[in-house]
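See below for the structure under consideration.
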Amino acid sequence: MASTTSSSFAFSKFDSLIPNPQYRRRTGFPYHFRRTHLPKIVPQKKAPFSTLNLDGYRSISCLASSLMDPSEEKSLSDLKPTTQSPEVEVRSAMWNWRGYRIRYQFAGNSGPALLLVHGFGANSDHWRKNLPFLARSHKVYSIDLIGYGYSDKPNPRDFGTNSFYTFETWGTQLNDFCVDVVKSEAFFICNSIGGLVGLQAAIMQPEICKGIILLNISLRMLHIKKQPWYGRPIIKSFQNLLRNTAVGKFFYKAVATPKSVRSILCQCYHDTSKVTDELVEKILLPGLEPGAVDIFLDFICYSDGPLPEELLPKVKCPVLVGWGDKDPWEPIELGKAYGDFDSVEDFIILPNVGHCPQDEAPELVNPLVESSNWDALFKVNNSDASTKSRCCSFGVAGLS
């Protein structure tokens, strides 16, 4: 039976970004960061962009309604406080997918559909600070990928030698969810490993996904293709040790504790004050459910499958990449290179933020999603784009 909760979220600051009226007129989002080309990862798409210097950024309000002169410095105290957003009801329900129970949360009755996709070890609660805010102008859904959160956790050993927990499985889950539950096309907002899930889904059924925002997408640095040839046998042996002996479950038992979860989160959150008891509980409790250990070990041994640089050239919908510049797991200097793919409309740096921007800095992520406009870009991507100039608008507001 679906449970019902209600909550609201309001924000009043947008730290360390520079207003750019020209960019706002072009895209609907008033704060711009330029991309840096890294030739070692991907081929150059356009002329290299300048490297950012975050030291000179000004603090301004993301909700300032008037266009601001980029030469004008304003502090938060110079701006009027934002109005508290009305309370939005967030509900939880279960969806039957191919015989498995899948938990999802939803809110909002009108506007474009957004599907929020979590990363490894997380669940739909990781979007609890975003869903109520975005639901003011969108139909918003956050989903527990199968094997995570409070969705069913089938044992990977039941599928023999064929791995079940793959990006193809999760991508199919997203597309089926849009057909069965959302009942429309949707925009995917994805964090970490969820970014590869969103890209895979968009490639498998391009008519469903109309655009993607990738927040600190996983670089998959442990992928077999990114390891030296002489290290690959060692990695395989270690993975077999974890998966097929008691060592793996002993390791998981040590990790699945409040103290360990807090320690891990404090590594990937730049602002460790955001690692609250509530967050630790939201991440830990589903991981204590039966079957969670087998899925954890199965995925950390999953060193095959696609890489982001292999998926991005195949995506037909527009993509925006957002990156917390203090992410210790996915270095921004490597991530910036993804901005050079043709499918990527822009690369947005989120200053002083770690690996999970949606939870650590919702005051940055929420307006990035809400305040922009896909309309012009959506029309270009549904026409003969080869005969038209590329449109740089990006966002989700304004589509009916």
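Every chain in the structure tokens has a letter given in the order shown (A, B, ...), and although residue numbers restart at 1 in each chain, ligands are simply numbered from 1 in the order shown.
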Taking only residues of segment 248-293 of chain A that have an atom at most 9 Å from an atom of segment 110-127 of chain A, what is each one's shortest atom pair and its distance in Å to one decimal, using only C-alpha atoms, in chain and number order, as a Markdown table?
```
| residue | atom | partner | partner_atom | distance |
| --- | --- | --- | --- | --- |
| A:Leu279 | CA | A:His126 | CA | 7.9 |
| A:Lys282 | CA | A:Asp125 | CA | 6.5 |
| A:Ile283 | CA | A:Ala122 | CA | 5.7 |
| A:Leu284 | CA | A:Ala122 | CA | 8.6 |
| A:Pro286 | CA | A:Asn123 | CA | 8.3 |
| A:Gly287 | CA | A:Gly121 | CA | 7.6 |
```
What does the file look like for those residues with N, CA, C and O atoms, as a PDB file, in the first residue's frame?
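The new file result-v9.pdb reads:
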```pdb
ATOM      1  N   LEU A 279      20.040  11.861   6.516  1.00  0.00           N
ATOM      2  CA  LEU A 279      20.645  11.357   5.289  1.00  0.00           C
ATOM      3  C   LEU A 279      21.258   9.982   5.506  1.00  0.00           C
ATOM      4  O   LEU A 279      21.066   9.067   4.689  1.00  0.00           O
ATOM      5  N   LYS A 282      18.523   7.465   5.569  1.00  0.00           N
ATOM      6  CA  LYS A 282      17.905   7.247   4.257  1.00  0.00           C
ATOM      7  C   LYS A 282      18.764   6.338   3.379  1.00  0.00           C
ATOM      8  O   LYS A 282      18.242   5.551   2.582  1.00  0.00           O
ATOM      9  N   ILE A 283      20.085   6.465   3.502  1.00  0.00           N
ATOM     10  CA  ILE A 283      20.986   5.647   2.698  1.00  0.00           C
ATOM     11  C   ILE A 283      21.166   4.254   3.301  1.00  0.00           C
ATOM     12  O   ILE A 283      21.183   3.240   2.598  1.00  0.00           O
ATOM     13  N   LEU A 284      21.285   4.189   4.621  1.00  0.00           N
ATOM     14  CA  LEU A 284      21.636   2.927   5.273  1.00  0.00           C
ATOM     15  C   LEU A 284      20.499   1.921   5.357  1.00  0.00           C
ATOM     16  O   LEU A 284      20.691   0.729   5.057  1.00  0.00           O
ATOM     17  N   PRO A 286      17.745   0.976   3.665  1.00  0.00           N
ATOM     18  CA  PRO A 286      17.465   0.034   2.569  1.00  0.00           C
ATOM     19  C   PRO A 286      18.601  -0.963   2.351  1.00  0.00           C
ATOM     20  O   PRO A 286      18.371  -2.086   1.899  1.00  0.00           O
ATOM     21  N   GLY A 287      19.823  -0.543   2.693  1.00  0.00           N
ATOM     22  CA  GLY A 287      20.970  -1.433   2.539  1.00  0.00           C
ATOM     23  C   GLY A 287      21.023  -2.552   3.557  1.00  0.00           C
ATOM     24  O   GLY A 287      21.844  -3.467   3.431  1.00  0.00           O
TER      25      GLY A 287
END
```
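Between atom CA of Tyr141 of chain A and atom CA of Gln105 of chain A lies a distance of 5.6 Å.
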Query raised in the report: Looking at A:Asn191, A:Asn240, A:Ser137, A:Asn366, which one is nearest to Gly108 of chain A, with distances taken over only C-alpha atoms?
Result: A:Ser137
Shell of 10 Å around segment 155-158 of chain A, only C-alpha atoms, local chain residues under 2 positions omitted, as an mmCIF file with all heavy atoms, in the first residue's frame:
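Generated output (part.cif):
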```cif
data_model
loop_
_atom_site.group_PDB
_atom_site.id
_atom_site.type_symbol
_atom_site.label_atom_id
_atom_site.label_comp_id
_atom_site.auth_asym_id
_atom_site.auth_seq_id
_atom_site.Cartn_x
_atom_site.Cartn_y
_atom_site.Cartn_z
ATOM 1 N N GLY A 147 16.842 -3.421 -7.139
ATOM 2 C CA GLY A 147 18.021 -3.776 -6.362
ATOM 3 C C GLY A 147 18.396 -2.735 -5.327
ATOM 4 O O GLY A 147 19.219 -3.009 -4.451
ATOM 5 N N ASP A 152 12.295 -4.338 -5.056
ATOM 6 C CA ASP A 152 12.704 -5.728 -4.871
ATOM 7 C C ASP A 152 14.184 -5.905 -5.201
ATOM 8 O O ASP A 152 14.765 -5.145 -5.998
ATOM 9 C CB ASP A 152 11.864 -6.646 -5.749
ATOM 10 C CG ASP A 152 10.494 -6.948 -5.136
ATOM 11 O OD1 ASP A 152 10.277 -6.577 -3.964
ATOM 12 O OD2 ASP A 152 9.650 -7.537 -5.834
ATOM 13 N N LYS A 153 14.774 -6.933 -4.594
ATOM 14 C CA LYS A 153 16.198 -7.191 -4.741
ATOM 15 C C LYS A 153 16.429 -8.648 -5.136
ATOM 16 O O LYS A 153 16.905 -9.462 -4.325
ATOM 17 C CB LYS A 153 16.921 -6.856 -3.436
ATOM 18 C CG LYS A 153 16.780 -5.390 -3.027
ATOM 19 C CD LYS A 153 17.304 -5.131 -1.631
ATOM 20 C CE LYS A 153 17.221 -3.655 -1.284
ATOM 21 N NZ LYS A 153 15.825 -3.148 -1.313
ATOM 22 N N GLY A 160 22.222 -16.901 -13.254
ATOM 23 C CA GLY A 160 23.323 -17.657 -13.827
ATOM 24 C C GLY A 160 24.522 -16.781 -14.121
ATOM 25 O O GLY A 160 24.857 -15.867 -13.372
ATOM 26 N N THR A 161 25.169 -17.057 -15.249
ATOM 27 C CA THR A 161 26.372 -16.303 -15.612
ATOM 28 C C THR A 161 26.040 -14.939 -16.205
ATOM 29 O O THR A 161 26.923 -14.090 -16.334
ATOM 30 C CB THR A 161 27.211 -17.099 -16.633
ATOM 31 O OG1 THR A 161 26.409 -17.397 -17.790
ATOM 32 C CG2 THR A 161 27.710 -18.401 -16.008
ATOM 33 N N ASN A 162 24.794 -14.748 -16.597
ATOM 34 C CA ASN A 162 24.401 -13.465 -17.172
ATOM 35 C C ASN A 162 24.109 -12.468 -16.052
ATOM 36 O O ASN A 162 23.272 -12.711 -15.191
ATOM 37 C CB ASN A 162 23.158 -13.626 -18.050
ATOM 38 C CG ASN A 162 23.410 -14.518 -19.238
ATOM 39 O OD1 ASN A 162 24.477 -14.470 -19.849
ATOM 40 N ND2 ASN A 162 22.439 -15.363 -19.573
ATOM 41 N N SER A 163 24.801 -11.351 -16.075
ATOM 42 C CA SER A 163 24.595 -10.336 -15.045
ATOM 43 C C SER A 163 23.241 -9.678 -15.237
ATOM 44 O O SER A 163 22.856 -9.312 -16.346
ATOM 45 C CB SER A 163 25.710 -9.288 -15.107
ATOM 46 O OG SER A 163 25.536 -8.332 -14.084
ATOM 47 N N PHE A 164 22.495 -9.544 -14.152
ATOM 48 C CA PHE A 164 21.169 -8.918 -14.202
ATOM 49 C C PHE A 164 21.250 -7.418 -13.936
ATOM 50 O O PHE A 164 20.558 -6.620 -14.565
ATOM 51 C CB PHE A 164 20.246 -9.571 -13.178
ATOM 52 C CG PHE A 164 18.879 -8.943 -13.097
ATOM 53 C CD1 PHE A 164 17.965 -9.100 -14.123
ATOM 54 C CD2 PHE A 164 18.513 -8.187 -11.992
ATOM 55 C CE1 PHE A 164 16.695 -8.519 -14.052
ATOM 56 C CE2 PHE A 164 17.257 -7.613 -11.902
ATOM 57 C CZ PHE A 164 16.348 -7.768 -12.937
ATOM 58 N N TYR A 165 22.125 -7.037 -13.018
ATOM 59 C CA TYR A 165 22.211 -5.631 -12.617
ATOM 60 C C TYR A 165 23.170 -4.887 -13.551
ATOM 61 O O TYR A 165 24.351 -4.702 -13.264
ATOM 62 C CB TYR A 165 22.638 -5.527 -11.158
ATOM 63 C CG TYR A 165 21.567 -6.068 -10.238
ATOM 64 C CD1 TYR A 165 21.668 -7.344 -9.685
ATOM 65 C CD2 TYR A 165 20.426 -5.324 -9.946
ATOM 66 C CE1 TYR A 165 20.667 -7.849 -8.856
ATOM 67 C CE2 TYR A 165 19.425 -5.817 -9.130
ATOM 68 C CZ TYR A 165 19.549 -7.077 -8.592
ATOM 69 O OH TYR A 165 18.557 -7.568 -7.790
ATOM 70 N N PRO A 290 17.055 -7.664 3.274
ATOM 71 C CA PRO A 290 17.531 -8.928 2.710
ATOM 72 C C PRO A 290 17.880 -8.787 1.227
ATOM 73 O O PRO A 290 17.128 -8.199 0.454
ATOM 74 C CB PRO A 290 16.338 -9.880 2.908
ATOM 75 C CG PRO A 290 15.591 -9.299 4.071
ATOM 76 C CD PRO A 290 15.744 -7.808 3.951
ATOM 77 N N GLY A 291 19.023 -9.324 0.859
ATOM 78 C CA GLY A 291 19.445 -9.304 -0.537
ATOM 79 C C GLY A 291 20.324 -8.131 -0.911
ATOM 80 O O GLY A 291 20.988 -8.164 -1.965
ATOM 81 N N ALA A 292 20.366 -7.088 -0.102
ATOM 82 C CA ALA A 292 21.129 -5.889 -0.456
ATOM 83 C C ALA A 292 22.623 -6.179 -0.596
ATOM 84 O O ALA A 292 23.292 -5.636 -1.477
ATOM 85 C CB ALA A 292 20.894 -4.789 0.576
ATOM 86 N N VAL A 293 23.151 -7.049 0.262
ATOM 87 C CA VAL A 293 24.577 -7.339 0.220
ATOM 88 C C VAL A 293 24.971 -7.990 -1.098
ATOM 89 O O VAL A 293 26.020 -7.675 -1.683
ATOM 90 C CB VAL A 293 24.993 -8.219 1.418
ATOM 91 C CG1 VAL A 293 24.205 -9.520 1.460
ATOM 92 C CG2 VAL A 293 26.488 -8.511 1.371
ATOM 93 N N ASP A 294 24.134 -8.889 -1.615
ATOM 94 C CA ASP A 294 24.455 -9.576 -2.874
ATOM 95 C C ASP A 294 24.489 -8.614 -4.053
ATOM 96 O O ASP A 294 25.323 -8.748 -4.954
ATOM 97 C CB ASP A 294 23.448 -10.693 -3.127
ATOM 98 C CG ASP A 294 23.464 -11.752 -2.039
ATOM 99 O OD1 ASP A 294 24.532 -12.364 -1.829
ATOM 100 O OD2 ASP A 294 22.420 -11.947 -1.380
ATOM 101 N N ILE A 295 23.593 -7.642 -4.034
ATOM 102 C CA ILE A 295 23.547 -6.663 -5.126
ATOM 103 C C ILE A 295 24.732 -5.718 -5.036
ATOM 104 O O ILE A 295 25.345 -5.360 -6.051
ATOM 105 C CB ILE A 295 22.208 -5.899 -5.090
ATOM 106 C CG1 ILE A 295 21.077 -6.885 -5.404
ATOM 107 C CG2 ILE A 295 22.202 -4.742 -6.071
ATOM 108 C CD1 ILE A 295 19.771 -6.543 -4.799
ATOM 109 N N LEU A 297 27.713 -6.367 -3.805
ATOM 110 C CA LEU A 297 28.911 -7.076 -4.251
ATOM 111 C C LEU A 297 28.877 -7.336 -5.753
ATOM 112 O O LEU A 297 29.910 -7.274 -6.427
ATOM 113 C CB LEU A 297 29.048 -8.390 -3.493
ATOM 114 C CG LEU A 297 29.285 -8.259 -1.982
ATOM 115 C CD1 LEU A 297 29.251 -9.625 -1.321
ATOM 116 C CD2 LEU A 297 30.607 -7.548 -1.697
ATOM 117 N N ASP A 298 27.688 -7.612 -6.286
ATOM 118 C CA ASP A 298 27.567 -7.863 -7.718
ATOM 119 C C ASP A 298 27.944 -6.623 -8.520
ATOM 120 O O ASP A 298 28.659 -6.706 -9.525
ATOM 121 C CB ASP A 298 26.136 -8.278 -8.056
ATOM 122 C CG ASP A 298 25.985 -8.703 -9.511
ATOM 123 O OD1 ASP A 298 26.458 -9.808 -9.854
ATOM 124 O OD2 ASP A 298 25.412 -7.925 -10.305
ATOM 125 N N PHE A 299 27.497 -5.452 -8.041
ATOM 126 C CA PHE A 299 27.750 -4.248 -8.841
ATOM 127 C C PHE A 299 29.192 -3.773 -8.730
ATOM 128 O O PHE A 299 29.760 -3.302 -9.722
ATOM 129 C CB PHE A 299 26.799 -3.120 -8.452
ATOM 130 C CG PHE A 299 26.924 -1.946 -9.393
ATOM 131 C CD1 PHE A 299 26.353 -2.001 -10.657
ATOM 132 C CD2 PHE A 299 27.629 -0.812 -9.032
ATOM 133 C CE1 PHE A 299 26.491 -0.950 -11.546
ATOM 134 C CE2 PHE A 299 27.765 0.248 -9.911
ATOM 135 C CZ PHE A 299 27.194 0.184 -11.172
#
```
Query - All helix (DSSP H, G or I) positions in segment 281-378 of chain A, as a PyMOL selection string - result: chain A and resi 281-287+292-300+308-314+332-340+357-360+362-370+375-378
Next, the residues of the selection above should be written as an mmCIF file, in the first residue's frame with C-alpha atoms.
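Now in out_10.cif:
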```cif
data_model
loop_
_atom_site.group_PDB
_atom_site.id
_atom_site.type_symbol
_atom_site.label_atom_id
_atom_site.label_comp_id
_atom_site.auth_asym_id
_atom_site.auth_seq_id
_atom_site.Cartn_x
_atom_site.Cartn_y
_atom_site.Cartn_z
ATOM 1 C CA GLU A 281 19.362 6.768 7.760
ATOM 2 C CA LYS A 282 17.905 7.247 4.257
ATOM 3 C CA ILE A 283 20.986 5.647 2.698
ATOM 4 C CA LEU A 284 21.636 2.927 5.273
ATOM 5 C CA LEU A 285 18.238 1.398 6.065
ATOM 6 C CA PRO A 286 17.465 0.034 2.569
ATOM 7 C CA GLY A 287 20.970 -1.433 2.539
ATOM 8 C CA ALA A 292 21.129 -5.889 -0.456
ATOM 9 C CA VAL A 293 24.577 -7.339 0.220
ATOM 10 C CA ASP A 294 24.455 -9.576 -2.874
ATOM 11 C CA ILE A 295 23.547 -6.663 -5.126
ATOM 12 C CA PHE A 296 26.240 -4.451 -3.617
ATOM 13 C CA LEU A 297 28.911 -7.076 -4.251
ATOM 14 C CA ASP A 298 27.567 -7.863 -7.718
ATOM 15 C CA PHE A 299 27.750 -4.248 -8.841
ATOM 16 C CA ILE A 300 31.188 -3.428 -7.459
ATOM 17 C CA PRO A 308 29.900 7.687 -20.585
ATOM 18 C CA GLU A 309 32.157 8.561 -23.525
ATOM 19 C CA GLU A 310 30.726 5.591 -25.422
ATOM 20 C CA LEU A 311 27.094 6.519 -24.736
ATOM 21 C CA LEU A 312 27.144 10.291 -25.277
ATOM 22 C CA PRO A 313 27.810 10.105 -29.056
ATOM 23 C CA LYS A 314 24.744 7.860 -29.439
ATOM 24 C CA ILE A 332 36.039 17.787 -12.567
ATOM 25 C CA GLU A 333 39.164 18.125 -14.690
ATOM 26 C CA LEU A 334 38.221 14.828 -16.311
ATOM 27 C CA GLY A 335 34.505 15.541 -16.304
ATOM 28 C CA LYS A 336 34.879 18.808 -18.229
ATOM 29 C CA ALA A 337 35.855 16.862 -21.327
ATOM 30 C CA TYR A 338 32.288 15.570 -21.655
ATOM 31 C CA GLY A 339 31.251 19.107 -22.564
ATOM 32 C CA ASP A 340 32.804 18.645 -25.991
ATOM 33 C CA PRO A 357 24.854 18.179 -5.846
ATOM 34 C CA GLN A 358 21.106 17.540 -5.705
ATOM 35 C CA ASP A 359 21.298 16.805 -1.977
ATOM 36 C CA GLU A 360 24.274 18.883 -0.900
ATOM 37 C CA PRO A 362 19.638 21.869 -3.899
ATOM 38 C CA GLU A 363 19.738 25.682 -3.993
ATOM 39 C CA LEU A 364 21.949 25.275 -7.084
ATOM 40 C CA VAL A 365 20.353 22.269 -8.717
ATOM 41 C CA ASN A 366 16.658 23.133 -8.337
ATOM 42 C CA PRO A 367 16.780 26.440 -10.238
ATOM 43 C CA LEU A 368 19.074 24.882 -12.828
ATOM 44 C CA VAL A 369 16.317 22.400 -13.604
ATOM 45 C CA GLU A 370 13.329 24.694 -13.108
ATOM 46 C CA ASP A 375 11.334 24.850 -25.962
ATOM 47 C CA ALA A 376 13.500 26.096 -28.811
ATOM 48 C CA LEU A 377 15.931 23.220 -28.529
ATOM 49 C CA PHE A 378 13.136 20.671 -28.369
#
```
